$ cat target-v9.txt   # compact mmCIF, C-alpha atoms
# COMPACT_ATOMS: atom_id res chain seq x y z
CA ASP F 15 -216.53 30.50 -40.36
CA GLY F 16 -217.30 33.66 -42.28
CA GLY F 17 -215.60 34.30 -45.55
CA ILE F 18 -215.61 34.32 -49.30
CA THR F 19 -215.52 31.15 -51.32
CA GLN F 20 -214.72 30.74 -54.97
CA SER F 21 -215.01 27.53 -56.86
CA PRO F 22 -213.44 25.75 -58.49
CA LYS F 23 -209.80 26.63 -57.77
CA TYR F 24 -208.72 25.51 -61.25
CA LEU F 25 -210.96 25.54 -64.33
CA PHE F 26 -210.23 24.43 -67.87
CA ARG F 27 -212.42 25.25 -70.85
CA LYS F 28 -212.26 24.98 -74.58
CA GLU F 29 -212.05 28.12 -76.66
CA GLY F 30 -215.48 29.44 -77.62
CA GLN F 31 -217.29 28.12 -74.55
CA ASN F 32 -218.89 30.33 -71.95
CA VAL F 33 -217.93 29.57 -68.37
CA THR F 34 -219.35 30.80 -65.06
CA LEU F 35 -217.19 31.35 -61.99
CA SER F 36 -218.91 31.27 -58.64
CA CYS F 37 -218.39 33.63 -55.70
CA GLU F 38 -220.25 33.30 -52.42
CA GLN F 39 -219.86 35.29 -49.21
CA ASN F 40 -221.47 34.84 -45.80
CA LEU F 41 -220.15 38.08 -44.35
CA ASN F 42 -223.42 39.95 -44.94
CA HIS F 43 -221.52 42.41 -47.14
CA ASP F 44 -223.43 44.68 -49.51
CA ALA F 45 -220.65 45.30 -52.03
CA MET F 46 -218.96 42.67 -54.18
CA TYR F 47 -216.26 42.88 -56.84
CA TRP F 48 -214.61 40.83 -59.58
CA TYR F 49 -210.97 41.36 -60.51
CA ARG F 50 -208.71 39.76 -63.07
CA GLN F 51 -204.98 39.23 -62.56
CA ASP F 52 -202.48 38.34 -65.28
CA PRO F 53 -198.98 36.99 -64.56
CA GLY F 54 -196.74 39.60 -62.95
CA GLN F 55 -199.49 42.22 -63.00
CA GLY F 56 -201.73 43.91 -60.49
CA LEU F 57 -205.48 43.40 -60.30
CA ARG F 58 -207.90 44.99 -62.74
CA LEU F 59 -211.55 45.54 -61.93
CA ILE F 60 -214.07 43.75 -64.16
CA TYR F 61 -217.43 44.42 -62.48
CA TYR F 62 -218.67 45.56 -59.12
CA SER F 63 -221.98 45.56 -57.30
CA GLN F 64 -222.85 47.96 -54.52
CA ILE F 65 -226.12 46.26 -53.61
CA VAL F 66 -228.41 43.42 -54.66
CA ASN F 67 -229.86 43.71 -58.17
CA ASP F 68 -227.38 46.42 -59.10
CA PHE F 69 -223.96 46.23 -60.75
CA GLN F 70 -221.63 48.44 -62.78
CA LYS F 71 -218.86 47.86 -65.28
CA GLY F 72 -215.30 48.20 -64.13
CA ASP F 73 -212.25 48.91 -66.27
CA ILE F 74 -212.27 45.74 -68.36
CA ALA F 75 -215.90 44.55 -68.56
CA GLU F 76 -215.92 43.60 -72.26
CA GLY F 77 -216.53 39.89 -72.74
CA TYR F 78 -217.82 39.39 -69.19
CA SER F 79 -221.25 39.42 -67.57
CA VAL F 80 -222.48 39.25 -63.97
CA SER F 81 -225.65 38.98 -61.95
CA ARG F 82 -226.49 39.91 -58.36
CA GLU F 83 -229.81 38.24 -57.58
CA LYS F 84 -228.83 37.41 -54.01
CA LYS F 85 -226.77 39.38 -51.52
CA GLU F 86 -224.38 36.51 -50.90
CA SER F 87 -223.72 35.55 -54.53
CA PHE F 88 -222.04 37.36 -57.43
CA PRO F 89 -221.30 34.92 -60.29
CA LEU F 90 -219.11 35.97 -63.22
CA THR F 91 -219.61 34.59 -66.73
CA VAL F 92 -216.64 34.66 -69.06
CA THR F 93 -218.13 34.67 -72.54
CA SER F 94 -216.65 33.62 -75.86
CA ALA F 95 -216.35 37.33 -76.68
CA GLN F 96 -213.52 37.71 -74.17
CA LYS F 97 -210.39 37.55 -76.33
CA ASN F 98 -207.87 36.53 -73.66
CA PRO F 99 -209.82 34.75 -70.91
CA THR F 100 -206.92 32.78 -69.42
CA ALA F 101 -206.18 34.51 -66.09
CA PHE F 102 -206.50 34.37 -62.32
CA TYR F 103 -209.93 35.65 -61.25
CA LEU F 104 -210.50 37.11 -57.80
CA CYS F 105 -213.75 37.95 -56.08
CA ALA F 106 -213.95 40.38 -53.17
CA SER F 107 -216.56 41.88 -50.89
CA SER F 108 -216.84 44.77 -48.48
CA ILE F 109 -219.41 46.00 -45.97
CA GLY F 110 -220.22 48.85 -48.31
CA PRO F 111 -218.57 50.54 -51.25
CA GLY F 112 -217.11 53.47 -49.34
CA ASP F 113 -213.46 54.45 -49.19
CA ALA F 114 -212.95 53.39 -45.59
CA ASN F 115 -214.22 49.86 -46.02
CA GLU F 116 -211.58 47.26 -46.69
CA GLN F 117 -212.23 44.57 -49.27
CA PHE F 118 -211.85 40.91 -48.37
CA PHE F 119 -210.75 38.57 -51.13
CA GLY F 120 -211.56 34.99 -51.95
CA PRO F 121 -208.88 32.40 -52.83
CA GLY F 122 -209.32 32.90 -56.57
CA THR F 123 -210.10 30.74 -59.60
CA ARG F 124 -207.42 30.09 -62.18
CA LEU F 125 -209.10 29.78 -65.58
CA THR F 126 -207.25 28.25 -68.49
CA VAL F 127 -208.80 28.27 -71.93
CA LEU F 128 -207.34 25.64 -74.23
CA ASP Z 6 -207.05 58.24 -59.65
CA ALA Z 7 -203.96 58.91 -57.56
CA LYS Z 8 -201.08 56.76 -58.78
CA THR Z 9 -198.65 55.03 -56.50
CA THR Z 10 -194.97 54.23 -56.97
CA GLN Z 11 -193.26 51.39 -55.16
CA PRO Z 12 -189.83 49.76 -55.53
CA PRO Z 13 -190.15 46.52 -57.50
CA SER Z 14 -188.37 44.40 -54.88
CA MET Z 15 -186.88 44.45 -51.40
CA ASP Z 16 -185.08 42.01 -49.12
CA CYS Z 17 -185.27 41.69 -45.36
CA ALA Z 18 -183.66 39.42 -42.80
CA GLU Z 19 -185.94 37.33 -40.64
CA GLY Z 20 -186.67 38.99 -37.31
CA ARG Z 21 -185.79 42.47 -38.55
CA ALA Z 22 -188.22 45.24 -39.41
CA ALA Z 23 -189.30 45.51 -43.03
CA ASN Z 24 -189.98 49.09 -44.17
CA LEU Z 25 -191.84 49.30 -47.47
CA PRO Z 26 -192.09 52.76 -49.03
CA CYS Z 27 -194.79 54.14 -51.31
CA ASN Z 28 -195.08 57.45 -53.12
CA HIS Z 29 -198.53 58.90 -53.87
CA SER Z 30 -197.79 62.52 -54.64
CA THR Z 31 -201.12 63.17 -56.42
CA ILE Z 32 -203.31 61.90 -53.61
CA SER Z 33 -206.48 63.90 -52.93
CA GLY Z 34 -207.61 65.05 -49.53
CA ASN Z 35 -210.40 62.49 -49.20
CA GLU Z 36 -208.45 59.48 -50.47
CA TYR Z 37 -207.26 56.73 -48.15
CA VAL Z 38 -203.99 54.82 -48.40
CA TYR Z 39 -204.48 51.06 -48.31
CA TRP Z 40 -201.96 48.23 -48.08
CA TYR Z 41 -202.61 44.68 -49.21
CA ARG Z 42 -200.31 41.74 -49.71
CA GLN Z 43 -200.57 38.70 -51.94
CA ILE Z 44 -198.83 35.42 -51.39
CA HIS Z 45 -198.27 33.48 -54.58
CA SER Z 46 -201.48 32.16 -56.17
CA GLN Z 47 -203.69 33.34 -53.32
CA GLY Z 48 -206.15 36.20 -52.98
CA PRO Z 49 -204.83 39.52 -51.65
CA GLN Z 50 -204.93 39.99 -47.89
CA TYR Z 51 -205.85 43.31 -46.32
CA ILE Z 52 -203.14 44.69 -44.02
CA ILE Z 53 -203.95 48.23 -42.96
CA HIS Z 54 -205.28 51.57 -44.17
CA GLY Z 55 -205.17 55.22 -43.11
CA LEU Z 56 -206.16 58.73 -44.10
CA LYS Z 57 -203.60 61.05 -42.50
CA ASN Z 58 -202.78 59.74 -39.05
CA ASN Z 59 -200.35 56.92 -38.39
CA GLU Z 60 -202.07 53.60 -37.83
CA THR Z 61 -201.08 50.35 -36.13
CA ASN Z 62 -202.72 46.96 -35.92
CA GLU Z 63 -201.63 43.43 -35.09
CA MET Z 64 -200.01 42.98 -38.49
CA ALA Z 65 -198.23 46.25 -39.23
CA SER Z 66 -197.83 49.98 -38.78
CA LEU Z 67 -198.57 52.63 -41.38
CA ILE Z 68 -196.68 55.90 -41.33
CA ILE Z 69 -198.09 58.66 -43.55
CA THR Z 70 -196.07 61.84 -44.08
CA GLU Z 71 -197.61 65.12 -43.05
CA ASP Z 72 -198.10 66.23 -46.67
CA ARG Z 73 -199.61 62.75 -47.42
CA LYS Z 74 -197.45 62.38 -50.51
CA SER Z 75 -195.79 59.23 -49.28
CA SER Z 76 -196.18 56.47 -46.73
CA THR Z 77 -194.27 53.54 -45.25
CA LEU Z 78 -195.59 50.15 -44.23
CA ILE Z 79 -193.65 48.65 -41.36
CA LEU Z 80 -193.64 44.96 -40.50
CA PRO Z 81 -191.91 45.10 -37.12
CA HIS Z 82 -190.51 41.56 -36.97
CA ALA Z 83 -190.57 39.99 -40.41
CA THR Z 84 -190.93 36.23 -40.74
CA LEU Z 85 -190.46 33.92 -43.70
CA ARG Z 86 -194.25 33.82 -44.07
CA ASP Z 87 -194.24 37.56 -44.79
CA THR Z 88 -192.63 36.91 -48.17
CA ALA Z 89 -195.22 38.25 -50.62
CA VAL Z 90 -196.06 41.03 -53.05
CA TYR Z 91 -197.10 44.15 -51.15
CA TYR Z 92 -199.47 46.61 -52.80
CA CYS Z 93 -199.89 50.24 -51.84
CA ILE Z 94 -203.23 51.55 -53.09
CA VAL Z 95 -205.03 54.85 -53.00
CA ARG Z 96 -208.81 54.51 -52.98
CA VAL Z 97 -210.91 56.43 -55.46
CA GLY Z 98 -212.83 59.15 -53.71
CA ALA Z 99 -216.53 58.90 -52.97
CA GLY Z 100 -218.81 60.07 -55.77
CA GLY Z 101 -216.50 58.93 -58.53
CA THR Z 102 -217.63 56.56 -61.26
CA SER Z 103 -215.59 53.72 -59.78
CA TYR Z 104 -216.88 54.02 -56.27
CA GLY Z 105 -214.97 51.73 -53.94
CA LYS Z 106 -212.58 50.43 -56.59
CA LEU Z 107 -209.10 49.29 -55.58
CA THR Z 108 -206.50 50.03 -58.27
CA PHE Z 109 -203.59 47.66 -57.90
CA GLY Z 110 -200.19 48.49 -59.38
CA GLN Z 111 -197.36 46.01 -59.63
CA GLY Z 112 -196.39 46.24 -55.97
CA THR Z 113 -193.16 45.39 -54.15
CA ILE Z 114 -191.91 41.82 -53.96
CA LEU Z 115 -190.67 41.44 -50.39
CA THR Z 116 -188.38 38.49 -49.78
CA VAL Z 117 -187.66 37.60 -46.17
CA HIS Z 118 -184.57 35.43 -45.84
CA PRO Z 119 -183.22 33.43 -42.87
$ encode --input "target-v9.txt" --output "structure tokens"
Amino acid sequence: DGGITQSPKYLFRKEGQNVTLSCEQNLNHDAMYWYRQDPGQGLRLIYYSQIVNDFQKGDIAEGYSVSREKKESFPLTVTSAQKNPTAFYLCASSIGPGDANEQFFGPGTRLTVL
Amino acid sequence: DAKTTQPPSMDCAEGRAANLPCNHSTISGNEYVYWYRQIHSQGPQYIIHGLKNNETNEMASLIITEDRKSSTLILPHATLRDTAVYYCIVRVGAGGTSYGKLTFGQGTILTVHP
């Protein structure tokens, strides 16, 4: 089955530790995105990548880093510089970055920093 | 970015049509209207999108007013599984610095009751 996978579903880390969230897609999509969602809020864009080896900052990139070495993978690292890392993280992909291309979302990773 | 305004919550009886309104009075001519929904603790699910014509798919219908300043998502026969947060989104136009970004607001909590 084609789709987007994120693992793990729940992740716990101690304050001050970096943590990497995985996102894999087998849809052959060029564009991939990372969003953050806080309780009762909409999604906010962290980073996006229109094509392999390219990525741009979204609205709330501080304290996060990404890489796009392979088309199917777009891992997100939450660094110790991120002041409020506890949140629900969602990865998405689309055929391309254009307006008419819908984004498909993964199931999300809920990160809790203790 | 064009902003959207949605009612915070709505109720609907099972089997009846659910009509979810959205105002986007500052929408630009090349911006699409997208609808997503999110069931608790899951990734958002794409429903439908349109530019200026009405659209229909297996999930829903999208009615966009002639002046494009508002739209209505219609779920023709709501079921209990349609209970979710519904987001109306206007896509950033091509050429902008956030190419392809989806800007989620707080959405409408739709509750379908027996």
$ closest_atom_pairs --input "target-v9.txt" --of "stretch 10-98 of chain Z" --to "stretch 57-80 of chain F" --cutoff "12 Å" --atoms "all atoms listed in the file" --output "Markdown table"
| residue | atom | partner | partner_atom | distance |
| --- | --- | --- | --- | --- |
| Z:Tyr41 | CA | F:Leu57 | CA | 11.5 |
| Z:Arg42 | CA | F:Leu57 | CA | 11.9 |
| Z:Gln43 | CA | F:Leu57 | CA | 10.8 |
| Z:Gly48 | CA | F:Leu57 | CA | 10.3 |
| Z:Pro49 | CA | F:Leu57 | CA | 9.5 |
| Z:Tyr92 | CA | F:Leu57 | CA | 10.1 |
| Z:Ile94 | CA | F:Leu57 | CA | 11.1 |
$ interface_residues --input "target-v9.txt" --of "chain F" --to "chain Z" --cutoff "12 Å" --atoms "all atoms listed in the file" --output "PyMOL selection string"
chain F and resi 18-20+23-24+44-64+69-73+101-124
$ write_last_selection --input "target-v9.txt" --atoms "C-alpha atoms" --output "tab-separated table (two decimals), keeping the file's coordinate frame"
chain	number	residue	atom	x	y	z
F	18	ILE	CA	-215.61	34.32	-49.30
F	19	THR	CA	-215.52	31.15	-51.32
F	20	GLN	CA	-214.72	30.74	-54.97
F	23	LYS	CA	-209.80	26.63	-57.77
F	24	TYR	CA	-208.72	25.51	-61.25
F	44	ASP	CA	-223.43	44.68	-49.51
F	45	ALA	CA	-220.65	45.30	-52.03
F	46	MET	CA	-218.96	42.67	-54.18
F	47	TYR	CA	-216.26	42.88	-56.84
F	48	TRP	CA	-214.61	40.83	-59.58
F	49	TYR	CA	-210.97	41.36	-60.51
F	50	ARG	CA	-208.71	39.76	-63.07
F	51	GLN	CA	-204.98	39.23	-62.56
F	52	ASP	CA	-202.48	38.34	-65.28
F	53	PRO	CA	-198.98	36.99	-64.56
F	54	GLY	CA	-196.74	39.60	-62.95
F	55	GLN	CA	-199.49	42.22	-63.00
F	56	GLY	CA	-201.73	43.91	-60.49
F	57	LEU	CA	-205.48	43.40	-60.30
F	58	ARG	CA	-207.90	44.99	-62.74
F	59	LEU	CA	-211.55	45.54	-61.93
F	60	ILE	CA	-214.07	43.75	-64.16
F	61	TYR	CA	-217.43	44.42	-62.48
F	62	TYR	CA	-218.67	45.56	-59.12
F	63	SER	CA	-221.98	45.56	-57.30
F	64	GLN	CA	-222.85	47.96	-54.52
F	69	PHE	CA	-223.96	46.23	-60.75
F	70	GLN	CA	-221.63	48.44	-62.78
F	71	LYS	CA	-218.86	47.86	-65.28
F	72	GLY	CA	-215.30	48.20	-64.13
F	73	ASP	CA	-212.25	48.91	-66.27
F	101	ALA	CA	-206.18	34.51	-66.09
F	102	PHE	CA	-206.50	34.37	-62.32
F	103	TYR	CA	-209.93	35.65	-61.25
F	104	LEU	CA	-210.50	37.11	-57.80
F	105	CYS	CA	-213.75	37.95	-56.08
F	106	ALA	CA	-213.95	40.38	-53.17
F	107	SER	CA	-216.56	41.88	-50.89
F	108	SER	CA	-216.84	44.77	-48.48
F	109	ILE	CA	-219.41	46.00	-45.97
F	110	GLY	CA	-220.22	48.85	-48.31
F	111	PRO	CA	-218.57	50.54	-51.25
F	112	GLY	CA	-217.11	53.47	-49.34
F	113	ASP	CA	-213.46	54.45	-49.19
F	114	ALA	CA	-212.95	53.39	-45.59
F	115	ASN	CA	-214.22	49.86	-46.02
F	116	GLU	CA	-211.58	47.26	-46.69
F	117	GLN	CA	-212.23	44.57	-49.27
F	118	PHE	CA	-211.85	40.91	-48.37
F	119	PHE	CA	-210.75	38.57	-51.13
F	120	GLY	CA	-211.56	34.99	-51.95
F	121	PRO	CA	-208.88	32.40	-52.83
F	122	GLY	CA	-209.32	32.90	-56.57
F	123	THR	CA	-210.10	30.74	-59.60
F	124	ARG	CA	-207.42	30.09	-62.18
$ atom_distance --input "target-v9.txt" --atom1 "atom CA of Z:Pro12" --atom2 "atom CA of Z:Leu25"
8.3 Å
$ closest_residue --input "target-v9.txt" --among "F:Asn32, F:Cys37, F:Arg27, F:His43" --to "F:Thr100" --atoms "only C-alpha atoms"
F:Arg27
$ atom_distance --input "target-v9.txt" --atom1 "atom CA of F:Glu29" --atom2 "atom CA of F:Val127"
5.7 Å
$ residues_around --input "target-v9.txt" --residues "Z:Ser66" --least-positions-apart "3" --cutoff "8 Å" --atoms "only C-alpha atoms" --output "list in words"
Ile53, Asn59, Glu60, Thr61, Asn62, Leu78, Ile79, Leu80 and Pro81 of chain Z
$ residues_around --input "target-v9.txt" --residues "Z:Glu19" --least-positions-apart "3" --cutoff "12 Å" --atoms "only C-alpha atoms" --output "short mmCIF file (atom, residue, chain, number, x, y, z; two decimals) with C-alpha atoms, in the frame of the given file"
data_model
loop_
_atom_site.label_atom_id
_atom_site.label_comp_id
_atom_site.auth_asym_id
_atom_site.auth_seq_id
_atom_site.Cartn_x
_atom_site.Cartn_y
_atom_site.Cartn_z
CA ASP Z 16 -185.08 42.01 -49.12
CA ALA Z 22 -188.22 45.24 -39.41
CA ALA Z 23 -189.30 45.51 -43.03
CA LEU Z 80 -193.64 44.96 -40.50
CA PRO Z 81 -191.91 45.10 -37.12
CA HIS Z 82 -190.51 41.56 -36.97
CA ALA Z 83 -190.57 39.99 -40.41
CA THR Z 84 -190.93 36.23 -40.74
CA LEU Z 85 -190.46 33.92 -43.70
CA ARG Z 86 -194.25 33.82 -44.07
CA ASP Z 87 -194.24 37.56 -44.79
CA THR Z 88 -192.63 36.91 -48.17
CA LEU Z 115 -190.67 41.44 -50.39
CA THR Z 116 -188.38 38.49 -49.78
CA VAL Z 117 -187.66 37.60 -46.17
CA HIS Z 118 -184.57 35.43 -45.84
CA PRO Z 119 -183.22 33.43 -42.87
#
$ atom_distance --input "target-v9.txt" --atom1 "atom CA of Z:Lys57" --atom2 "atom CA of Z:Ile69"
6.1 Å
$ closest_residue --input "target-v9.txt" --among "F:Thr34, F:Asn40, F:Asn98, F:Thr126" --to "F:Gly17" --atoms "all atoms listed in the file"
F:Asn40
$ residues_around --input "target-v9.txt" --residues "F:Ser87" --least-positions-apart "3" --cutoff "9 Å" --atoms "all atoms listed in the file" --output "VMD selection string"
chain F and resid 36 to 39 46 81 to 84
$ closest_residue --input "target-v9.txt" --among "Z:Thr10, Z:Asn28, Z:Thr113, Z:Ser33" --to "Z:Lys74" --atoms "all atoms listed in the file"
Z:Asn28
$ closest_residue --input "target-v9.txt" --among "F:Asn42, F:Pro99, F:Leu125, F:Ser94" --to "F:Ser21" --atoms "only C-alpha atoms"
F:Leu125
$ closest_residue --input "target-v9.txt" --among "Z:Thr77, Z:Thr9, Z:Ser14, Z:Thr70" --to "Z:Ile32" --atoms "all atoms listed in the file"
Z:Thr9
$ axis_aligned_box --input "target-v9.txt" --around "stretch 81-98 of chain Z" --padding-each-side "3 Å" --output "lines of an AutoDock Vina configuration file"
center_x = -201.6
center_y = 46.5
center_z = -46.2
size_x = 28.4
size_y = 31.3
size_z = 24.5
